[in-house]
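Here is the structure we will look at.
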Amino acid sequence: MTDEELKLRVLALRAQGRSGKEIARALRVRPATVAALVRTIARREVVAAPEPAVVGCWVSPGWRAGLTVEGHPDWPDEEGADSGAAGLVAVLVAREHRYGKVTVCGYLVDVYCLGVKDVVGPRAMHERELSGFVERYYEGYPSPPLAAPIDLARHLAWGAVEYARTLGFEPAHGFNATAAHLGPLTESSAIRFGRDGRPLYVQGPHDDAARILQTLEDSVGQGGFEVVAHSVRESRPAAVPPARRTLRAGGRRASGDVVQEGRAWRTGNR
């Protein structure tokens, strides 16, 4: 029996609902051989399967602050919008599920340094619940979220992941489980990441700041990045952004005033 004939017979028996061991016995081959073929077939089926339709896609206002975007005049943003947390972009994608439900995934994207910093989902809900979920997800932002094309979500999330990897950072735990919800990015991102093209690390309350600073020094050198450090701990799930003191690249304090920012935003989405 050729490899192609074996694969076709495995496909036929699998379609009948046979287990791997049953297929191996029926074809008189090793179970490991069948298991390997089944895994290969399953991967191809996932790749070939059509993506569920996008029901909605949203980004936080002010996502473009400090970034350079090549082309794409259709990508929305609010002129001069301030998200209250420049460099942290909230992305939410909803796709059709089944039985009147949708599946949502959210991504908190640090577009200046760390890439995808947090993920939510995948979470299934009735479609009638979606508008309320979107409102709660973005309730800490001073302006409503912007309806956006899925391409923008892909360029933001995947592009930020690739940028962060050049600095030595991997995406948040759980990103791999939600990446398929975005769909693949088949081209280079049209977005130039970093604030004005330069890495800027904004310290979060739960970051291992020492490790992050050391990673940045190893990847771009002490003079190759900037740091903004929080001086007080934030509470969850909602808080006022704390006073922040600007530091020199490499984490050393720079002279300057403490800037107090007074807009409430959801750290629960961080």
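Residue numbers start at 1 in each chain; chains themselves are named A, B, ... in the order of the structure tokens; ligands are numbered from 1 in the order shown.
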If you run DSSP on the backbone, which residues of stretch 115-183 of chain A are alpha helix (DSSP H), as a compact mmCIF listing (two decimals) with C-alpha atoms, in the first residue's frame?
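Okay, this is what ended up in result_12.txt:
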```
# COMPACT_ATOMS: atom_id res chain seq x y z
CA LEU A 130 -22.22 41.41 22.46
CA SER A 131 -22.97 45.15 22.58
CA GLY A 132 -22.99 45.10 26.38
CA PHE A 133 -19.70 43.20 26.46
CA VAL A 134 -18.06 45.71 24.11
CA GLU A 135 -19.27 48.58 26.28
CA ARG A 136 -17.87 46.98 29.44
CA TYR A 137 -14.58 46.08 27.76
CA ILE A 150 -10.12 43.04 10.81
CA ASP A 151 -6.97 43.95 8.85
CA LEU A 152 -6.22 46.71 11.37
CA ALA A 153 -6.54 44.26 14.27
CA ARG A 154 -4.15 41.87 12.53
CA HIS A 155 -1.59 44.54 11.72
CA LEU A 156 -1.73 45.84 15.31
CA ALA A 157 -1.55 42.52 17.14
CA TRP A 158 0.70 40.44 14.87
CA GLY A 159 2.89 43.42 14.01
CA ALA A 160 3.38 44.27 17.69
CA VAL A 161 4.23 40.63 18.45
CA GLU A 162 6.94 40.62 15.79
CA TYR A 163 8.29 43.98 16.93
CA ALA A 164 8.43 42.83 20.56
CA ARG A 165 10.27 39.67 19.53
CA THR A 166 13.03 41.79 18.00
CA LEU A 167 13.43 43.28 21.49
CA PHE A 175 -2.01 34.40 22.83
CA ASN A 176 -1.42 31.20 20.87
CA ALA A 177 -4.89 29.98 21.88
CA THR A 178 -6.49 33.15 20.52
CA ALA A 179 -4.25 33.90 17.52
CA ALA A 180 -6.47 31.98 15.08
CA HIS A 181 -9.32 34.33 16.03
CA LEU A 182 -7.37 37.18 14.46
```
Quick one: residues within 8 Å of stretch 7-24 of chain A, only C-alpha atoms counted, chain neighbours fewer than 5 positions away excluded, as a PyMOL selection string? chain A and resi 29-31+34-35+37-38
Quick one: write out the picked residues with N, CA and C atoms as a PDB file, in the first residue's frame?
```
ATOM      1  N   VAL A  29      -1.495  -1.695  10.472  1.00  0.00           N
ATOM      2  CA  VAL A  29      -0.308  -0.846  10.554  1.00  0.00           C
ATOM      3  C   VAL A  29      -0.120  -0.430  12.006  1.00  0.00           C
ATOM      4  N   ARG A  30       1.030   0.114  12.309  1.00  0.00           N
ATOM      5  CA  ARG A  30       1.312   0.525  13.677  1.00  0.00           C
ATOM      6  C   ARG A  30       0.414   1.691  14.085  1.00  0.00           C
ATOM      7  N   PRO A  31      -0.081   1.696  15.338  1.00  0.00           N
ATOM      8  CA  PRO A  31      -0.900   2.830  15.807  1.00  0.00           C
ATOM      9  C   PRO A  31      -0.178   4.160  15.692  1.00  0.00           C
ATOM     10  N   VAL A  34      -0.641   5.612  12.252  1.00  0.00           N
ATOM     11  CA  VAL A  34      -1.974   6.184  12.073  1.00  0.00           C
ATOM     12  C   VAL A  34      -2.097   7.505  12.821  1.00  0.00           C
ATOM     13  N   ALA A  35      -1.559   7.546  14.053  1.00  0.00           N
ATOM     14  CA  ALA A  35      -1.647   8.773  14.848  1.00  0.00           C
ATOM     15  C   ALA A  35      -0.956   9.941  14.150  1.00  0.00           C
ATOM     16  N   LEU A  37      -0.486  10.278  10.911  1.00  0.00           N
ATOM     17  CA  LEU A  37      -1.292  10.667   9.749  1.00  0.00           C
ATOM     18  C   LEU A  37      -2.515  11.475  10.167  1.00  0.00           C
ATOM     19  N   VAL A  38      -3.154  11.061  11.262  1.00  0.00           N
ATOM     20  CA  VAL A  38      -4.340  11.767  11.742  1.00  0.00           C
ATOM     21  C   VAL A  38      -3.988  13.198  12.144  1.00  0.00           C
TER      22      VAL A  38
END
```
Excluding A:Tyr138 and any residue of its chain fewer than 2 positions from it, enumerate the residues within 10 Å of it, using only C-alpha atoms, and give them as a PyMOL selection string. chain A and resi 58-61+90-92+133-136+140-145+265-266+269
Would you output that residue set with N, CA and C atoms, as an mmCIF file, in the first residue's frame?
```cif
data_model
loop_
_atom_site.group_PDB
_atom_site.id
_atom_site.type_symbol
_atom_site.label_atom_id
_atom_site.label_comp_id
_atom_site.auth_asym_id
_atom_site.auth_seq_id
_atom_site.Cartn_x
_atom_site.Cartn_y
_atom_site.Cartn_z
ATOM 1 N N TRP A 58 -13.142 46.029 16.984
ATOM 2 C CA TRP A 58 -13.034 47.358 17.579
ATOM 3 C C TRP A 58 -11.606 47.600 18.066
ATOM 4 N N VAL A 59 -11.196 48.862 18.057
ATOM 5 C CA VAL A 59 -9.912 49.280 18.635
ATOM 6 C C VAL A 59 -10.169 50.508 19.501
ATOM 7 N N SER A 60 -9.282 50.736 20.458
ATOM 8 C CA SER A 60 -9.438 51.892 21.336
ATOM 9 C C SER A 60 -9.048 53.167 20.597
ATOM 10 N N PRO A 61 -9.723 54.273 20.885
ATOM 11 C CA PRO A 61 -9.400 55.540 20.221
ATOM 12 C C PRO A 61 -7.995 55.991 20.594
ATOM 13 N N ALA A 90 -6.324 48.587 23.022
ATOM 14 C CA ALA A 90 -7.239 47.475 23.260
ATOM 15 C C ALA A 90 -7.911 47.091 21.944
ATOM 16 N N VAL A 91 -7.802 45.825 21.584
ATOM 17 C CA VAL A 91 -8.380 45.291 20.356
ATOM 18 C C VAL A 91 -9.389 44.206 20.740
ATOM 19 N N LEU A 92 -10.549 44.210 20.117
ATOM 20 C CA LEU A 92 -11.570 43.202 20.385
ATOM 21 C C LEU A 92 -12.124 42.704 19.062
ATOM 22 N N PHE A 133 -21.078 43.625 26.177
ATOM 23 C CA PHE A 133 -19.699 43.196 26.462
ATOM 24 C C PHE A 133 -18.706 44.217 25.922
ATOM 25 N N VAL A 134 -18.953 44.708 24.705
ATOM 26 C CA VAL A 134 -18.062 45.713 24.108
ATOM 27 C C VAL A 134 -18.037 46.965 24.981
ATOM 28 N N GLU A 135 -19.201 47.383 25.436
ATOM 29 C CA GLU A 135 -19.275 48.579 26.277
ATOM 30 C C GLU A 135 -18.479 48.395 27.566
ATOM 31 N N ARG A 136 -18.613 47.225 28.196
ATOM 32 C CA ARG A 136 -17.867 46.975 29.443
ATOM 33 C C ARG A 136 -16.370 46.878 29.180
ATOM 34 N N GLY A 140 -13.478 52.011 30.493
ATOM 35 C CA GLY A 140 -12.509 52.893 31.121
ATOM 36 C C GLY A 140 -11.892 53.918 30.198
ATOM 37 N N TYR A 141 -12.211 53.865 28.915
ATOM 38 C CA TYR A 141 -11.631 54.810 27.964
ATOM 39 C C TYR A 141 -12.496 56.062 27.870
ATOM 40 N N PRO A 142 -11.886 57.216 27.659
ATOM 41 C CA PRO A 142 -12.657 58.464 27.631
ATOM 42 C C PRO A 142 -13.587 58.592 26.428
ATOM 43 N N SER A 143 -13.349 57.808 25.380
ATOM 44 C CA SER A 143 -14.197 57.843 24.190
ATOM 45 C C SER A 143 -14.613 56.425 23.832
ATOM 46 N N PRO A 144 -15.736 56.264 23.129
ATOM 47 C CA PRO A 144 -16.171 54.929 22.725
ATOM 48 C C PRO A 144 -15.164 54.276 21.783
ATOM 49 N N PRO A 145 -15.170 52.949 21.705
ATOM 50 C CA PRO A 145 -14.259 52.265 20.779
ATOM 51 C C PRO A 145 -14.612 52.565 19.333
ATOM 52 N N TRP A 265 -9.342 54.381 33.901
ATOM 53 C CA TRP A 265 -9.330 53.376 32.820
ATOM 54 C C TRP A 265 -9.235 52.020 33.451
ATOM 55 N N ARG A 266 -9.569 50.981 32.685
ATOM 56 C CA ARG A 266 -9.662 49.636 33.222
ATOM 57 C C ARG A 266 -8.286 48.967 33.201
ATOM 58 N N ASN A 269 -8.112 45.178 32.029
ATOM 59 C CA ASN A 269 -7.831 44.788 30.659
ATOM 60 C C ASN A 269 -6.340 44.820 30.340
#
```
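Each of A:Gly224, A:Pro205, A:Pro122, A:Gly66 was checked against A:Gly87 using only C-alpha atoms; the smallest atom-to-atom distance is that of A:Gly66.
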